[in-house]
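Colleague: Quick one, entry_1.cif (mmCIF, C-alpha atoms):
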```cif
data_start
#
loop_
_atom_site.label_atom_id
_atom_site.label_comp_id
_atom_site.auth_asym_id
_atom_site.auth_seq_id
_atom_site.Cartn_x
_atom_site.Cartn_y
_atom_site.Cartn_z
CA MET M 114 0.00 0.00 0.00
CA THR M 115 1.24 3.48 -0.79
CA THR M 116 0.16 6.71 0.85
CA THR M 117 2.10 9.14 -1.31
CA SER M 118 4.64 8.80 -4.06
CA ASN M 119 7.40 8.76 -1.44
CA GLU M 120 5.82 6.72 1.37
CA ASP M 121 5.27 2.98 1.40
CA VAL M 122 3.22 1.74 4.32
CA LEU M 123 5.13 -0.84 6.35
CA THR M 124 2.33 -1.61 8.77
CA SER M 125 -0.93 -0.21 10.01
CA PHE M 126 -2.70 -1.22 13.20
CA SER M 127 -4.94 0.01 16.00
CA VAL M 128 -4.86 -0.23 19.77
CA PRO M 129 -7.78 0.36 22.15
CA SER M 130 -7.51 3.50 24.25
CA GLU M 131 -6.43 1.87 27.48
CA PRO M 132 -3.48 3.00 29.60
CA GLY M 133 -0.44 0.86 28.92
CA ASN M 134 -1.25 0.11 25.30
CA GLU M 135 1.50 2.47 24.23
CA ARG M 136 3.83 -0.44 24.96
CA ILE M 137 2.07 -2.47 22.26
CA ALA M 138 2.42 0.43 19.85
CA LEU M 139 6.12 0.94 20.42
CA ALA M 140 6.85 -2.79 20.09
CA ARG M 141 4.96 -3.07 16.81
CA VAL M 142 6.55 0.07 15.40
CA ALA M 143 9.99 -1.21 16.40
CA ASP M 144 9.29 -4.48 14.58
CA ALA M 145 8.07 -2.64 11.50
CA VAL M 146 11.14 -0.42 11.19
CA ALA M 147 13.69 -3.07 12.16
CA ALA M 148 15.06 -3.33 8.62
CA ARG M 149 15.03 0.39 7.88
CA GLY M 150 18.59 1.10 8.99
CA LEU M 151 18.00 3.25 12.06
CA SER M 152 20.87 3.14 14.52
CA PRO M 153 20.09 1.67 17.96
CA ASP M 154 20.12 5.16 19.45
CA ARG M 155 17.72 6.56 16.88
CA LEU M 156 15.46 3.52 17.19
CA GLU M 157 15.25 4.03 20.98
CA ARG M 158 14.41 7.67 20.43
CA LEU M 159 11.67 6.79 17.93
CA LYS M 160 10.24 4.22 20.34
CA THR M 161 10.05 6.79 23.12
CA ALA M 162 8.38 9.31 20.82
CA VAL M 163 5.84 6.74 19.60
CA ALA M 164 5.03 5.70 23.16
CA GLU M 165 4.55 9.28 24.30
CA ALA M 166 2.42 10.22 21.30
CA THR M 167 0.29 7.11 21.75
CA MET M 168 -0.14 7.84 25.46
CA ASN M 169 -1.28 11.33 24.58
CA ALA M 170 -3.73 9.98 22.01
CA ILE M 171 -5.15 7.51 24.53
CA GLU M 172 -5.35 9.94 27.44
CA HIS M 173 -6.00 13.36 25.92
CA GLY M 174 -7.38 12.47 22.50
CA ASN M 175 -9.66 9.55 23.28
CA HIS M 176 -9.97 10.18 27.04
CA ASN M 177 -9.21 6.56 27.89
CA HIS M 178 -12.40 5.35 26.19
CA ALA M 179 -11.43 1.79 25.37
CA GLU M 180 -14.01 1.56 22.61
CA LEU M 181 -12.11 4.24 20.69
CA ASP M 182 -9.02 3.08 18.83
CA VAL M 183 -5.74 4.84 18.29
CA ASP M 184 -4.72 4.17 14.70
CA ILE M 185 -1.05 3.90 13.88
CA THR M 186 0.56 3.79 10.47
CA VAL M 187 4.25 3.25 9.83
CA ALA M 188 5.59 4.32 6.45
CA ALA M 189 8.97 4.03 4.82
CA LEU M 190 10.55 7.21 3.53
CA ASP M 191 13.47 7.41 1.15
CA ASP M 192 15.70 8.34 4.06
CA GLY M 193 13.88 7.11 7.13
CA VAL M 194 10.44 6.36 8.52
CA ALA M 195 7.25 8.23 9.36
CA VAL M 196 4.79 7.18 12.04
CA SER M 197 1.28 8.63 12.11
CA ILE M 198 -0.77 8.34 15.29
CA VAL M 199 -4.45 9.21 15.01
CA ASP M 200 -7.01 9.75 17.75
CA ARG M 201 -10.59 11.08 17.78
CA GLY M 202 -9.85 14.22 19.74
CA GLY M 203 -9.68 16.62 16.83
CA ALA M 204 -12.86 18.44 17.72
CA HIS M 205 -11.53 19.58 21.09
CA ALA M 206 -7.80 19.71 20.34
CA PRO M 207 -5.95 23.03 20.42
CA ALA M 208 -4.93 24.39 17.05
CA PRO M 209 -1.69 22.77 15.87
CA ASP M 210 0.17 26.07 16.16
CA THR M 211 -0.86 26.61 19.78
CA THR M 212 2.11 27.40 22.00
CA VAL M 213 2.11 25.71 25.37
CA GLU M 214 4.28 26.23 28.40
CA LEU M 215 7.61 24.43 28.25
CA PRO M 216 8.43 22.15 31.15
CA ASN M 217 10.88 23.92 33.43
CA LEU M 218 12.57 21.73 35.99
CA ASP M 219 13.51 24.61 38.27
CA MET M 220 9.86 25.63 38.45
CA LYS M 221 8.73 22.07 38.97
CA LEU M 222 11.13 21.60 41.85
CA ALA M 223 9.91 24.86 43.34
CA GLY M 224 6.30 23.69 43.08
CA LEU M 225 5.46 26.35 40.52
CA GLN M 226 4.74 23.85 37.73
CA THR M 227 3.16 20.42 37.89
CA PRO M 228 5.76 17.61 37.85
CA ARG M 229 4.05 16.35 34.68
CA GLY M 230 4.04 17.91 31.23
CA TRP M 231 7.09 16.20 29.70
CA GLY M 232 5.43 14.19 26.92
CA LEU M 233 5.33 16.66 24.08
CA PHE M 234 8.74 18.03 25.07
CA LEU M 235 10.20 14.53 24.89
CA ILE M 236 8.62 13.80 21.52
CA GLN M 237 10.01 16.97 20.00
CA ASN M 238 13.47 16.21 21.31
CA MET M 239 13.44 12.57 20.23
CA VAL M 240 12.46 12.76 16.55
CA ASP M 241 13.64 14.78 13.57
CA ALA M 242 10.21 16.27 12.88
CA MET M 243 6.75 16.28 14.39
CA ASP M 244 3.65 17.64 12.73
CA VAL M 245 0.12 17.89 14.09
CA SER M 246 -2.95 18.06 11.90
CA ILE M 247 -6.69 18.09 12.52
CA ASP M 248 -9.35 16.87 10.12
CA GLY M 249 -12.76 17.01 11.72
CA ASP M 250 -12.58 14.83 14.82
CA LEU M 251 -9.37 13.16 13.67
CA HIS M 252 -6.24 14.42 15.36
CA THR M 253 -3.00 13.20 13.80
CA VAL M 254 0.55 13.40 15.09
CA ARG M 255 3.13 12.50 12.48
CA LEU M 256 6.65 11.66 13.57
CA VAL M 257 9.59 11.51 11.20
CA MET M 258 12.91 9.89 11.98
CA HIS M 259 15.60 9.94 9.34
CA THR M 260 18.13 7.19 8.97
CA ALA M 261 20.95 9.63 9.58
CA PRO M 262 20.84 12.64 11.87
CA ALA M 263 20.04 15.90 10.14
CA PRO M 264 20.50 19.40 11.46
CA ARG M 265 17.31 20.33 13.23
CA PRO M 266 16.45 24.01 13.10
CA ARG M 267 14.82 24.87 16.39
CA ASP M 268 12.23 27.45 17.17
CA PRO M 269 14.18 30.04 19.22
CA GLU M 270 11.41 29.91 21.75
CA GLY M 271 11.52 26.13 21.66
CA GLY M 272 7.79 26.16 22.07
CA PRO M 273 5.74 23.04 21.61
CA ARG M 274 3.00 23.49 19.08
CA ALA M 275 0.32 21.25 20.40
CA GLU M 276 -1.38 20.28 23.60
CA GLN M 277 0.48 19.69 26.80
CA MET M 278 0.99 16.05 27.72
CA MET S 248 -3.44 -0.40 35.56
CA GLN S 249 -1.37 -2.82 37.62
CA SER S 250 2.12 -1.62 38.36
CA LYS S 251 5.03 -3.45 36.78
CA CYS S 252 7.42 -1.64 39.07
CA GLU S 253 9.07 -3.24 42.09
CA THR S 254 11.58 -1.81 44.50
CA ALA S 255 13.99 -2.99 47.15
CA VAL S 256 15.66 -0.71 49.69
CA ARG S 257 19.03 -1.32 51.29
CA ARG S 258 21.50 0.68 53.31
CA LEU S 259 25.07 1.30 52.29
CA PRO S 260 27.55 3.23 54.40
CA SER S 261 27.26 6.35 52.26
CA CYS S 262 23.64 6.25 51.13
CA VAL S 263 20.37 4.38 50.98
CA VAL S 264 19.77 2.54 47.72
CA ILE S 265 16.33 2.23 46.14
CA GLU S 266 16.73 -0.54 43.59
CA ILE S 267 13.99 -0.15 40.99
CA ARG S 268 12.92 -2.99 38.72
CA GLY S 269 10.52 -3.10 35.77
CA GLU S 270 8.65 -0.12 34.39
CA VAL S 271 8.62 3.43 35.72
CA ASP S 272 5.33 4.84 34.49
CA GLY S 273 2.21 6.31 36.05
CA SER S 274 1.31 3.02 37.69
CA ALA S 275 4.55 3.13 39.67
CA ALA S 276 3.55 6.19 41.74
CA ALA S 277 2.53 4.37 44.91
CA VAL S 278 5.43 1.93 44.69
CA LEU S 279 8.06 4.64 44.31
CA SER S 280 6.54 6.84 46.96
CA ALA S 281 6.45 3.98 49.46
CA ALA S 282 10.03 3.06 48.60
CA TYR S 283 11.23 6.60 49.18
CA ASP S 284 9.36 6.85 52.49
CA GLY S 285 10.82 3.51 53.53
CA ALA S 286 14.31 4.60 52.52
CA VAL S 287 14.30 7.83 54.50
CA ALA S 288 12.69 6.13 57.49
CA MET S 289 15.54 3.65 57.53
CA ASP S 290 18.22 5.94 58.83
CA ALA S 291 17.45 9.54 57.85
CA PRO S 292 20.02 9.30 55.06
CA SER S 293 21.61 12.40 53.59
CA CYS S 294 21.78 10.69 50.19
CA VAL S 295 19.32 8.52 48.30
CA LEU S 296 20.55 6.47 45.35
CA LEU S 297 18.02 5.49 42.70
CA ASP S 298 19.33 2.43 40.88
CA PHE S 299 17.79 1.95 37.43
CA ALA S 300 19.95 -0.97 36.32
CA ARG S 301 16.95 -3.29 36.14
CA VAL S 302 14.51 -0.78 34.69
CA ASP S 303 13.52 -1.35 31.08
CA TYR S 304 11.03 1.45 30.51
CA ILE S 305 10.60 5.02 31.75
CA ASN S 306 7.95 7.27 30.25
CA SER S 307 7.06 10.91 30.73
CA THR S 308 4.85 10.12 33.71
CA GLY S 309 7.74 8.19 35.21
CA ILE S 310 9.93 11.24 34.70
CA ALA S 311 7.31 13.22 36.62
CA LEU S 312 7.51 10.70 39.47
CA ILE S 313 11.29 11.08 39.58
CA VAL S 314 10.84 14.87 39.65
CA SER S 315 8.48 14.45 42.61
CA VAL S 316 10.97 12.29 44.48
CA LEU S 317 13.73 14.79 43.76
CA ALA S 318 11.59 17.71 44.92
CA LYS S 319 10.69 15.93 48.14
CA ALA S 320 14.29 14.95 48.83
CA ARG S 321 15.58 18.46 48.21
CA ALA S 322 12.93 19.90 50.51
CA GLU S 323 14.22 17.53 53.18
CA GLY S 324 17.84 18.44 52.51
CA ARG S 325 18.77 15.12 50.94
CA GLN S 326 20.91 14.51 47.89
CA VAL S 327 19.57 12.25 45.12
CA ILE S 328 21.95 10.35 42.86
CA ALA S 329 21.27 7.66 40.25
CA SER S 330 22.96 4.66 38.72
CA GLY S 331 22.41 2.09 36.02
CA LEU S 332 20.69 4.25 33.43
CA SER S 333 21.05 3.16 29.81
CA ASP S 334 22.55 5.60 27.33
CA HIS S 335 19.04 6.39 26.08
CA TYR S 336 17.72 7.30 29.51
CA ARG S 337 20.89 9.22 30.32
CA GLN S 338 20.04 11.27 27.24
CA ILE S 339 16.52 11.84 28.56
CA PHE S 340 17.88 12.86 31.96
CA ALA S 341 20.08 15.37 30.14
CA ILE S 342 17.26 16.73 27.96
CA THR S 343 14.96 17.17 30.94
CA ARG S 344 17.86 18.59 33.01
CA LEU S 345 17.34 15.98 35.70
CA SER S 346 21.05 15.30 35.41
CA ASP S 347 21.71 18.89 36.50
CA PHE S 348 20.31 17.91 39.88
CA ILE S 349 20.98 14.17 40.02
CA GLN S 350 24.57 12.98 39.69
CA LEU S 351 24.67 9.91 37.43
CA TYR S 352 26.92 6.91 37.96
CA ASP S 353 27.43 3.76 35.98
CA ASP S 354 26.55 1.43 38.83
CA VAL S 355 25.80 1.23 42.55
CA GLU S 356 29.41 0.58 43.46
CA SER S 357 30.77 3.69 41.72
CA ALA S 358 27.89 5.76 43.08
CA ALA S 359 28.50 4.67 46.63
CA ALA S 360 32.20 5.28 46.25
CA GLY S 361 31.59 8.69 44.72
CA VAL S 362 29.31 9.78 47.54
CA GLY S 363 31.66 8.35 50.13
CA ALA S 364 34.61 10.21 48.64
CA ALA S 365 32.65 13.45 48.45
CA GLY S 366 31.35 13.08 51.98
#
```
Please re-express this file's structure in structure tokens.

Modeller:
Amino acid sequence: MTTTSNEDVLTSFSVPSEPGNERIALARVADAVAARGLSPDRLERLKTAVAEATMNAIEHGNHNHAELDVDITVAALDDGVAVSIVDRGGAHAPAPDTTVELPNLDMKLAGLQTPRGWGLFLIQNMVDAMDVSIDGDLHTVRLVMHTAPAPRPRDPEGGPRAEQM
Amino acid sequence: MQSKCETAVRRLPSCVVIEIRGEVDGSAAAVLSAAYDGAVAMDAPSCVLLDFARVDYINSTGIALIVSVLAKARAEGRQVIASGLSDHYRQIFAITRLSDFIQLYDDVESAAAGVGAAG
């Protein structure tokens, strides 16, 4: 199956929106990309990003409603892989360009920020690119990991563009 | 969700070790909190060592739990150090800046020696 001229789908699957199912997602994604030439370090980073994005889809997108699936598609790129994670939270999701507060460890230790809020920050620091799109009630996070590291231009503000995790 | 995290606490001359096994995620909150309380009740230690050598998964909620333990320890005037993290989780400790506040060691032995030498 092909999604675009440059992306061949390696696998596509769904998991029910139950806490812990992110472990299923990361294992299946790891299997799917095993032959794609990612270094062990980059594979670990992709696995962490997939787990965090799936957790967010389960918790914030589908509100832990087990009857709602999180749909995951893994595609091969010419120079890496792309993983799309889709939940049904599009109708109530912030706009993709929404800036949210960065986690600040000093503030967390001082009790001025909740200890949580690391998910999106981790995703953005693990993969080469992350895009968020909304189509009706479908909310999609697309993660791209290249085979080789590429320079990653960073927003000077470093601001996440989607909802806090 | 049932926790897949287990802990064991033991005293070394220079610190109390919380050996963590399994998965550090949201379900580990009660386990980690009880382990910390047990560790500090043991001998009012000035240093708590979190040993991750037998941990195979830490997610963002687990990071939040570690932040909570660190905050509590600092409020009580205790040092927190860590050992046994894989290269990947060392990277995450660096990205989150946890390693600015938690000295990292390869293993329990080097951590205990490091604290003993510093103390």

Colleague: Expand the PyMOL selection byres ((chain S) within 8 of (chain M)) into the individual residues it matches in the shown file, reporting them as a ChimeraX atom specification.

Modeller: /S:248,306-308,310-312,314-315,317-318,335,339,342-345

Colleague: Excluding segment 249-257 of chain S and residues on its chain fewer than 4 positions from it, collect all residues at most 6 Å away from it, counting all atoms listed in the file, and give them as a PDB file with C-alpha atoms, in the frame of the given file.

Modeller:
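around18.pdb written:
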```
ATOM      1  CA  VAL S 263      20.370   4.380  50.980  1.00  0.00           C
ATOM      2  CA  VAL S 264      19.770   2.540  47.720  1.00  0.00           C
ATOM      3  CA  ILE S 265      16.330   2.230  46.140  1.00  0.00           C
ATOM      4  CA  GLU S 266      16.730  -0.540  43.590  1.00  0.00           C
ATOM      5  CA  ILE S 267      13.990  -0.150  40.990  1.00  0.00           C
ATOM      6  CA  ARG S 268      12.920  -2.990  38.720  1.00  0.00           C
ATOM      7  CA  GLY S 269      10.520  -3.100  35.770  1.00  0.00           C
ATOM      8  CA  GLU S 270       8.650  -0.120  34.390  1.00  0.00           C
ATOM      9  CA  SER S 274       1.310   3.020  37.690  1.00  0.00           C
ATOM     10  CA  ALA S 275       4.550   3.130  39.670  1.00  0.00           C
TER      11      ALA S 275
END
```

Colleague: To one decimal place, how far is atom CA of Ala147 of chain M from atom CA of Leu256 of chain M in Å?

Modeller: 16.4 Å

Colleague: How would you write, as a list in words, the residues chosen by the PyMOL selection byres ((chain S and resi 330-334) around 6) on this structure?

Modeller: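 Applied to this file, the PyMOL selection byres ((chain S and resi 330-334) around 6) returns Asp298, Phe299, Ala300, Ala329, His335, Tyr336, Arg337, Leu351, Tyr352, Asp353, Asp354 and Val355 of chain S.
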
Colleague: Please produce a file of the residues just selected, as a PDB file, keeping the file's coordinate frame, where the atoms kept are C-alpha atoms.

Modeller:
```pdb
ATOM      1  CA  ASP S 298      19.330   2.430  40.880  1.00  0.00           C
ATOM      2  CA  PHE S 299      17.790   1.950  37.430  1.00  0.00           C
ATOM      3  CA  ALA S 300      19.950  -0.970  36.320  1.00  0.00           C
ATOM      4  CA  ALA S 329      21.270   7.660  40.250  1.00  0.00           C
ATOM      5  CA  HIS S 335      19.040   6.390  26.080  1.00  0.00           C
ATOM      6  CA  TYR S 336      17.720   7.300  29.510  1.00  0.00           C
ATOM      7  CA  ARG S 337      20.890   9.220  30.320  1.00  0.00           C
ATOM      8  CA  LEU S 351      24.670   9.910  37.430  1.00  0.00           C
ATOM      9  CA  TYR S 352      26.920   6.910  37.960  1.00  0.00           C
ATOM     10  CA  ASP S 353      27.430   3.760  35.980  1.00  0.00           C
ATOM     11  CA  ASP S 354      26.550   1.430  38.830  1.00  0.00           C
ATOM     12  CA  VAL S 355      25.800   1.230  42.550  1.00  0.00           C
TER      13      VAL S 355
END
```

Colleague: What separation in Å, quoted to one decimal, exists between atom CA of Gly361 of chain S and atom CA of Gly309 of chain S?

Modeller: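 Distance between the two atoms: 25.7 Å.
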
Colleague: Give me, please, the distance in Å between atom CA of Glu356 of chain S and atom CA of Ala281 of chain S, quoted to one decimal.

Modeller: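 We find that atom CA of Glu356 of chain S and atom CA of Ala281 of chain S lie 24.0 Å from each other.
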
Colleague: For Ser152 of chain M, list every protein, DNA or RNA residue within 12 Å, evaluated using all atoms listed in the file, and leave out those in the same chain fewer than 3 positions away; present the list as a list in words.

Modeller: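 My reading of the contact set: Ala143, Val146, Ala147, Ala148, Arg149, Arg155, Leu156, Glu157, Arg158, Leu159, Gly193, Met258, His259, Thr260, Ala261 and Pro262 of chain M.
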
Colleague: Keeping only C-alpha atoms, write the selected residues as a PDB file, in the frame of the given file.

Modeller:
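Now in part28.pdb:
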```
ATOM      1  CA  ALA M 143       9.990  -1.210  16.400  1.00  0.00           C
ATOM      2  CA  VAL M 146      11.140  -0.420  11.190  1.00  0.00           C
ATOM      3  CA  ALA M 147      13.690  -3.070  12.160  1.00  0.00           C
ATOM      4  CA  ALA M 148      15.060  -3.330   8.620  1.00  0.00           C
ATOM      5  CA  ARG M 149      15.030   0.390   7.880  1.00  0.00           C
ATOM      6  CA  ARG M 155      17.720   6.560  16.880  1.00  0.00           C
ATOM      7  CA  LEU M 156      15.460   3.520  17.190  1.00  0.00           C
ATOM      8  CA  GLU M 157      15.250   4.030  20.980  1.00  0.00           C
ATOM      9  CA  ARG M 158      14.410   7.670  20.430  1.00  0.00           C
ATOM     10  CA  LEU M 159      11.670   6.790  17.930  1.00  0.00           C
ATOM     11  CA  GLY M 193      13.880   7.110   7.130  1.00  0.00           C
ATOM     12  CA  MET M 258      12.910   9.890  11.980  1.00  0.00           C
ATOM     13  CA  HIS M 259      15.600   9.940   9.340  1.00  0.00           C
ATOM     14  CA  THR M 260      18.130   7.190   8.970  1.00  0.00           C
ATOM     15  CA  ALA M 261      20.950   9.630   9.580  1.00  0.00           C
ATOM     16  CA  PRO M 262      20.840  12.640  11.870  1.00  0.00           C
TER      17      PRO M 262
END
```

Colleague: I'd like to see the residues matched by the PyMOL selection byres ((chain M and resi 175) around 10) on this file, and ideally I'd get them as a list in words.

Modeller: Pro129, Ser130, Glu131, Met168, Asn169, Ala170, Ile171, Glu172, His173, Gly174, His176, Asn177, His178, Ala179, Glu180, Leu181, Asp182, Val183, Val199, Asp200, Arg201, Gly202, Gly203 and His252 of chain M

Colleague: Point out the residue among S:Val362, S:Ile305, S:Arg325, S:Ile349 with the least atom-to-atom distance to Lys160 of chain M, counting all atoms listed in the file.

Modeller: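 Of S:Val362, S:Ile305, S:Arg325, S:Ile349, the one nearest Lys160 of chain M is S:Ile305, counting all atoms listed in the file.
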
Colleague: In terms of the shortest atom-to-atom distance over all atoms listed in the file, which of M:Ala204, M:Val245, M:Val194, M:Leu123 is closest to Gly150 of chain M?

Modeller: M:Val194

Colleague: Restricting the calculation to all atoms listed in the file, which member of S:Val287, S:Val271, S:Leu279, S:Ala360 is positioned closest to Gly324 of chain S?

Modeller: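 Counting all atoms listed in the file, the residue closest to Gly324 of chain S is S:Val287.
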
Colleague: For each of S:Ala364, S:Met289, S:Asp272, S:Ala341, take the minimum atom-to-atom distance to Val302 of chain S, counting all atoms listed in the file, then give the residue where this is smallest.

Modeller: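 Looking only at the distances to Val302 of chain S, the closest residue turns out to be S:Asp272.
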